[in-house]
$ cat start05.cif   # mmCIF, C-alpha atoms
data_data
#
loop_
_atom_site.label_atom_id
_atom_site.label_comp_id
_atom_site.auth_asym_id
_atom_site.auth_seq_id
_atom_site.Cartn_x
_atom_site.Cartn_y
_atom_site.Cartn_z
CA MET A 587 96.55 157.93 126.53
CA ALA A 588 96.92 160.65 129.10
CA ARG A 589 100.48 160.89 130.32
CA ALA A 590 99.81 163.12 133.25
CA THR A 591 102.86 164.67 134.78
CA ALA A 592 103.03 165.02 138.51
CA SER A 593 101.58 168.32 139.51
CA GLY A 594 104.76 169.15 141.36
CA GLU A 595 106.62 169.34 138.04
CA HIS A 596 104.59 172.24 136.73
CA GLY A 597 107.40 174.61 137.61
CA ASP A 598 109.62 173.43 134.75
CA GLU A 599 106.87 173.11 132.15
CA GLU A 600 107.60 176.44 130.56
CA PRO A 601 105.93 177.23 127.24
CA ASP A 602 109.30 177.18 125.49
CA ASP A 603 110.40 173.73 126.61
CA HIS A 604 111.25 171.45 123.74
CA ARG A 605 109.82 168.12 124.74
CA PRO A 606 107.57 166.44 122.19
CA LEU A 607 103.99 167.60 122.55
CA GLU A 608 102.80 164.14 123.52
CA GLU A 609 104.94 164.22 126.63
CA VAL A 610 103.57 167.51 127.86
CA GLY A 611 100.50 167.65 130.10
CA GLU A 612 97.54 165.51 129.07
CA ASP A 613 95.45 164.97 125.97
CA PRO A 614 92.96 167.83 125.75
CA ASP A 615 89.40 167.90 124.54
CA PRO A 616 89.90 167.21 120.82
CA ARG A 617 87.83 170.24 119.94
CA PHE A 618 90.53 172.51 121.34
CA THR A 619 93.12 170.75 119.25
CA PHE A 620 90.90 171.16 116.18
CA ALA A 621 90.34 174.84 116.92
CA ASN A 622 94.07 175.44 117.32
CA GLU A 623 94.73 173.65 114.04
CA ARG A 624 92.10 175.70 112.21
CA THR A 625 93.62 178.88 113.56
CA PHE A 626 97.02 177.81 112.31
CA LEU A 627 95.59 176.93 108.91
CA ALA A 628 93.79 180.29 108.70
CA TRP A 629 97.02 182.15 109.44
CA ASN A 630 98.86 180.00 106.95
CA ARG A 631 96.30 180.86 104.27
CA THR A 632 96.82 184.50 105.15
CA ALA A 633 100.54 183.97 104.60
CA LEU A 634 99.89 182.25 101.25
CA ALA A 635 97.61 185.12 100.20
CA LEU A 636 100.28 187.70 101.12
CA ILE A 637 102.93 185.81 99.17
CA GLY A 638 100.63 185.30 96.20
CA GLY A 639 99.57 188.94 96.32
CA GLY A 640 103.17 190.09 96.38
CA LEU A 641 104.08 187.84 93.48
CA ALA A 642 101.05 189.04 91.51
CA VAL A 643 102.06 192.66 92.15
CA ALA A 644 105.58 191.89 90.94
CA GLN A 645 104.19 190.26 87.81
CA LEU A 646 101.31 192.50 86.90
CA LEU A 647 102.08 196.06 87.97
CA ASP A 648 103.30 197.90 84.93
CA PHE A 649 105.30 200.67 86.53
CA GLN A 650 108.11 202.51 84.82
CA SER A 651 110.60 201.81 87.56
CA ASP A 652 111.40 198.42 89.01
CA ALA A 653 111.84 200.04 92.41
CA ALA A 654 108.21 201.17 92.48
CA ARG A 655 107.05 197.64 91.70
CA LEU A 656 109.33 196.05 94.28
CA VAL A 657 108.50 198.52 97.02
CA VAL A 658 104.97 197.11 96.99
CA ALA A 659 105.75 193.48 96.17
CA LEU A 660 108.64 192.70 98.50
CA PRO A 661 107.05 193.76 101.81
CA LEU A 662 104.02 191.60 101.04
CA ILE A 663 106.15 188.52 100.36
CA VAL A 664 108.32 189.10 103.44
CA MET A 665 105.25 189.61 105.62
CA GLY A 666 103.86 186.34 104.27
CA ALA A 667 107.04 184.52 105.30
CA VAL A 668 106.97 186.10 108.77
CA VAL A 669 103.29 185.26 109.28
CA SER A 670 103.87 181.66 108.20
CA PHE A 671 106.85 181.19 110.52
CA THR A 672 105.19 182.90 113.48
CA SER A 673 101.90 181.06 113.10
CA TYR A 674 103.62 177.69 113.32
CA HIS A 675 105.34 178.66 116.56
CA ARG A 676 102.10 180.01 117.87
CA TRP A 677 100.35 176.75 117.04
CA GLU A 678 102.93 174.75 118.96
CA GLY A 679 102.88 177.16 121.92
CA ASN A 680 99.10 177.07 122.05
CA GLU A 681 99.08 173.29 121.84
CA ARG A 682 101.43 173.10 124.83
CA ALA A 683 99.37 175.60 126.78
CA ILE A 684 96.16 173.67 126.06
CA ARG A 685 97.74 170.39 127.16
CA LEU A 686 98.88 172.04 130.39
CA SER A 687 95.52 173.76 130.96
CA ARG A 688 97.30 177.08 130.92
CA PRO A 689 96.02 180.34 129.50
CA LEU A 690 96.85 181.09 125.88
CA HIS A 691 99.02 184.09 125.29
CA TYR A 692 97.88 186.93 123.13
CA SER A 693 99.73 187.21 119.88
CA ARG A 694 101.06 190.42 118.40
CA LEU A 695 100.62 188.97 114.94
CA PRO A 696 97.26 190.69 114.22
CA HIS A 697 98.73 194.01 115.35
CA PHE A 698 101.80 193.55 113.19
CA LEU A 699 99.79 192.38 110.20
CA GLY A 700 97.26 195.21 110.44
CA ILE A 701 99.96 197.86 110.53
CA GLY A 702 101.96 196.10 107.81
CA ILE A 703 99.08 195.84 105.38
CA GLY A 704 98.10 199.44 106.12
CA VAL A 705 101.61 200.67 105.39
CA VAL A 706 101.86 198.64 102.16
CA GLY A 707 98.46 200.01 101.08
CA LEU A 708 99.64 203.57 101.67
CA LEU A 709 102.90 202.86 99.84
CA ALA A 710 101.00 201.40 96.89
CA GLY A 711 98.80 204.48 96.75
CA VAL A 712 101.77 206.86 96.85
CA VAL A 713 103.63 204.86 94.20
CA ALA A 714 100.57 204.79 91.95
CA LEU A 715 100.16 208.59 92.32
CA ILE A 716 103.81 209.20 91.48
CA GLU A 717 103.55 206.93 88.45
CA ALA A 718 100.36 208.65 87.30
CA THR A 719 101.94 212.11 87.43
CA ARG A 720 104.97 210.90 85.48
CA ARG A 721 103.02 209.85 82.42
CA VAL B 760 86.28 171.56 136.27
CA SER B 761 86.42 169.06 133.43
CA LEU B 762 87.05 170.48 129.99
CA ARG B 763 85.40 167.48 128.39
CA PRO B 764 81.73 168.02 127.65
CA PRO B 765 79.22 165.19 127.62
CA ASP B 766 79.59 163.20 124.39
CA ALA B 767 75.95 163.86 123.65
CA ILE B 768 76.60 167.45 122.62
CA ASP B 769 79.58 166.67 120.39
CA ARG B 770 78.21 166.23 116.90
CA GLY B 771 81.58 166.32 115.23
CA LEU B 772 81.14 169.84 113.95
CA ALA B 773 84.61 170.93 115.09
CA ARG B 774 86.03 168.02 113.12
CA GLU B 775 84.01 169.06 110.11
CA ARG B 776 85.15 172.68 110.32
CA THR B 777 88.71 171.41 110.45
CA LEU B 778 88.14 169.31 107.32
CA LEU B 779 86.81 172.40 105.56
CA ALA B 780 89.80 174.42 106.78
CA TRP B 781 92.17 171.84 105.28
CA ASN B 782 90.23 172.03 102.01
CA ARG B 783 90.46 175.81 101.93
CA SER B 784 94.15 175.57 102.66
CA ALA B 785 94.55 173.08 99.82
CA LEU B 786 92.85 175.53 97.46
CA SER B 787 95.11 178.37 98.63
CA VAL B 788 98.22 176.26 98.15
CA ALA B 789 97.02 175.25 94.68
CA ALA B 790 96.36 178.89 93.74
CA LEU B 791 99.87 179.92 94.74
CA GLY B 792 101.26 176.91 92.85
CA ALA B 793 99.44 177.98 89.69
CA LEU B 794 100.72 181.54 90.16
CA LEU B 795 104.30 180.28 90.52
CA LEU B 796 103.95 178.22 87.31
CA HIS B 797 102.71 181.30 85.51
CA ALA B 798 105.29 183.66 86.98
CA GLY B 799 108.13 181.25 86.20
CA ARG B 800 107.18 181.14 82.54
CA ASN B 801 106.66 184.89 82.46
CA ARG B 802 110.16 185.57 83.75
CA GLY B 803 111.84 182.94 81.60
CA TRP B 804 112.55 180.82 84.65
CA ASP B 805 110.54 177.89 83.37
CA VAL B 806 112.28 175.22 85.43
CA VAL B 807 111.91 177.16 88.67
CA GLY B 808 108.24 177.75 87.90
CA TYR B 809 107.57 174.13 86.98
CA VAL B 810 109.35 172.66 89.97
CA SER B 811 107.90 175.01 92.61
CA GLY B 812 104.46 175.17 91.02
CA THR B 813 104.16 171.41 90.62
CA ALA B 814 105.42 170.87 94.17
CA LEU B 815 102.73 173.16 95.54
CA LEU B 816 100.02 171.55 93.41
CA LEU B 817 101.06 168.15 94.77
CA LEU B 818 101.09 169.55 98.29
CA ALA B 819 97.58 170.89 97.69
CA ALA B 820 96.38 167.40 96.74
CA GLY B 821 98.20 166.02 99.77
CA SER B 822 96.60 168.58 102.08
CA ALA B 823 93.12 167.75 100.87
CA ILE B 824 93.78 164.04 101.36
CA TYR B 825 95.36 164.61 104.79
CA GLY B 826 92.37 166.66 105.92
CA ARG B 827 90.06 163.91 104.76
CA LEU B 828 92.11 161.24 106.57
CA LEU B 829 91.97 163.24 109.79
CA TYR B 830 88.24 163.58 109.41
CA GLU B 831 87.65 159.91 108.68
CA ARG B 832 89.96 158.28 111.18
CA ARG B 833 88.95 160.29 114.15
CA ARG B 834 85.25 159.71 113.85
CA GLY B 835 84.15 158.10 117.09
CA ALA B 836 87.73 157.35 118.10
CA PRO B 837 88.84 158.20 121.61
CA ALA B 838 90.93 161.30 121.94
CA GLY B 839 94.39 160.59 120.65
CA PRO B 840 95.12 163.98 119.18
CA TYR B 841 98.60 163.15 117.90
CA GLU B 842 98.00 159.74 116.38
CA LEU B 843 98.38 161.29 112.93
CA ASP B 844 101.17 163.61 113.96
CA ARG B 845 99.66 166.98 113.29
CA ARG B 846 102.94 168.63 114.16
CA THR B 847 104.63 167.13 111.12
CA ALA B 848 101.72 168.25 108.95
CA ALA B 849 101.96 171.79 110.34
CA ARG B 850 105.71 171.79 109.77
CA VAL B 851 105.41 170.56 106.19
CA ILE B 852 102.88 173.21 105.25
CA THR B 853 104.93 175.93 106.98
CA ALA B 854 108.15 174.83 105.29
CA ALA B 855 106.41 174.79 101.91
CA THR B 856 105.00 178.27 102.53
CA LEU B 857 108.45 179.61 103.45
CA ALA B 858 109.99 177.96 100.38
CA ALA B 859 107.27 179.49 98.21
CA ALA B 860 108.06 182.88 99.74
CA VAL B 861 111.74 182.51 98.82
CA VAL B 862 110.93 181.51 95.22
CA SER B 863 108.42 184.35 94.98
CA LEU B 864 111.04 186.81 96.20
CA LEU B 865 113.49 185.60 93.57
CA LEU B 866 110.85 185.77 90.85
CA ALA B 867 109.87 189.27 91.94
CA LEU B 868 113.50 190.38 91.79
CA ALA B 869 114.15 188.70 88.43
CA ARG B 870 113.95 190.90 85.46
#

$ encode --input "start05.cif" --output "structure tokens"
Amino acid sequence: MARATASGEHGDEEPDDHRPLEEVGEDPDPRFTFANERTFLAWNRTALALIGGGLAVAQLLDFQSDAARLVVALPLIVMGAVVSFTSYHRWEGNERAIRLSRPLHYSRLPHFLGIGIGVVGLLAGVVALIEATRR
Amino acid sequence: VSLRPPDAIDRGLARERTLLAWNRSALSVAALGALLLHAGRNRGWDVVGYVSGTALLLLAAGSAIYGRLLYERRRGAPAGPYELDRRTAARVITAATLAAAVVSLLLALAR
């Protein structure tokens, strides 16, 4: 099944080329493909959890102002969408890199997500405090 | 250096972890589907809730089946990593997640 490309062609096998995956490099050890797929699925579950969390916040938080509710809910849902979109592209990029026996690039997604969740947590705390003092 | 280890040490555990990952993903998709059904009714957007919730519940069933198919068909088969077109599967689940995000945004904004 391996469709090895001539080694001289490596120059134009950039990570962002758009050829179908099957035409890039050669079939890797299946375990790498499985690992990449699991990583994608784990990120996708993270995205689903963020979206579900945001929706739950929008449904369940009983704040006096809509703005307070949305300030917590909307960033979570948007982050979920970004994580989902980014993780697919990362999966495809990693798959190409694996097929070409190239190093995988670090992702800034964990950094972004950590900061994002931290900020939303702080926001939620501030909003809850403001709501508590209003009552 | 070959990246392929001797077959003797491959017990199919990576395949099994991937099956479990698909099952967990199916459960996550189903949970969000149930939440959308609930939120749709709550906001008086019954049709939106039913359509998006049911779609995600079906996708959850599909994901569990797809994971199982991957697990079954690849047992002992030579490496042909794209025979089942994982890219399409990844795209479908990503598109569904993005669509769910849009519906969730609308439901959050609805009053």

$ atom_distance --input "start05.cif" --atom1 "atom CA of Thr777 of chain B" --atom2 "atom CA of Gly640 of chain A"
27.5 Å

$ residues_near_point --input "start05.cif" --point "(99.3, 170.3, 127.7)" --cutoff "7 Å" --atoms "only C-alpha atoms" --output "list in words"
Val610, Gly611, Glu612, Asp613, Glu681, Arg682, Ala683, Ile684, Arg685, Leu686 and Ser687 of chain A

$ atom_distance --input "start05.cif" --atom1 "atom CA of Leu816 of chain B" --atom2 "atom CA of Leu796 of chain B"
9.9 Å

$ closest_residue --input "start05.cif" --among "B:Leu828, B:Leu815, B:Ala869, B:Val862" --to "Leu786 of chain B" --atoms "all atoms listed in the file"
B:Leu815

$ closest_atom_pairs --input "start05.cif" --of "chain B" --to "chain A" --cutoff "6 Å" --atoms "all atoms listed in the file" --output "CSV"
residue,atom,partner,partner_atom,distance
B:Arg763,CA,A:Asp615,CA,5.6
B:Ala773,CA,A:Arg617,CA,5.9
B:Thr777,CA,A:Arg624,CA,5.7
B:Ser784,CA,A:Arg631,CA,5.9
B:Leu791,CA,A:Gly638,CA,5.6
B:Thr853,CA,A:Ser670,CA,6.0
B:Leu857,CA,A:Ala667,CA,5.4
B:Ala860,CA,A:Ala667,CA,5.9
B:Ser863,CA,A:Leu641,CA,5.8
B:Ala867,CA,A:Ala644,CA,5.1

$ residues_around --input "start05.cif" --residues "segment 829-832 of chain B" --least-positions-apart "4" --cutoff "7 Å" --atoms "only C-alpha atoms" --output "list in words"
Arg774, Glu775, Leu778 and Tyr825 of chain B

$ resolve_selection --input "start05.cif" --expression "the PyMOL selection byres ((chain B and resi 806-812) around 10)" --output "short mmCIF file (atom, residue, chain, number, x, y, z; two decimals) with C-alpha atoms, in the frame of the given file"
data_model
loop_
_atom_site.label_atom_id
_atom_site.label_comp_id
_atom_site.auth_asym_id
_atom_site.auth_seq_id
_atom_site.Cartn_x
_atom_site.Cartn_y
_atom_site.Cartn_z
CA VAL B 788 98.22 176.26 98.15
CA ALA B 789 97.02 175.25 94.68
CA ALA B 790 96.36 178.89 93.74
CA LEU B 791 99.87 179.92 94.74
CA GLY B 792 101.26 176.91 92.85
CA ALA B 793 99.44 177.98 89.69
CA LEU B 794 100.72 181.54 90.16
CA LEU B 795 104.30 180.28 90.52
CA LEU B 796 103.95 178.22 87.31
CA HIS B 797 102.71 181.30 85.51
CA ALA B 798 105.29 183.66 86.98
CA GLY B 799 108.13 181.25 86.20
CA ARG B 800 107.18 181.14 82.54
CA ASN B 801 106.66 184.89 82.46
CA ARG B 802 110.16 185.57 83.75
CA GLY B 803 111.84 182.94 81.60
CA TRP B 804 112.55 180.82 84.65
CA ASP B 805 110.54 177.89 83.37
CA THR B 813 104.16 171.41 90.62
CA ALA B 814 105.42 170.87 94.17
CA LEU B 815 102.73 173.16 95.54
CA LEU B 816 100.02 171.55 93.41
CA LEU B 817 101.06 168.15 94.77
CA LEU B 818 101.09 169.55 98.29
CA ALA B 855 106.41 174.79 101.91
CA ALA B 858 109.99 177.96 100.38
CA ALA B 859 107.27 179.49 98.21
CA VAL B 862 110.93 181.51 95.22
CA SER B 863 108.42 184.35 94.98
CA LEU B 865 113.49 185.60 93.57
CA LEU B 866 110.85 185.77 90.85
#

$ closest_residue --input "start05.cif" --among "A:Pro696, A:Leu708, A:Gly679, A:Gly702" --to "Arg605 of chain A" --atoms "all atoms listed in the file"
A:Gly679

$ atom_distance --input "start05.cif" --atom1 "atom CA of Thr856 of chain B" --atom2 "atom CA of Asp648 of chain A"
26.4 Å

$ closest_residue --input "start05.cif" --among "B:Ala848, B:Ala854, B:Ala785, B:Leu772" --to "Ala820 of chain B" --atoms "all atoms listed in the file"
B:Ala785
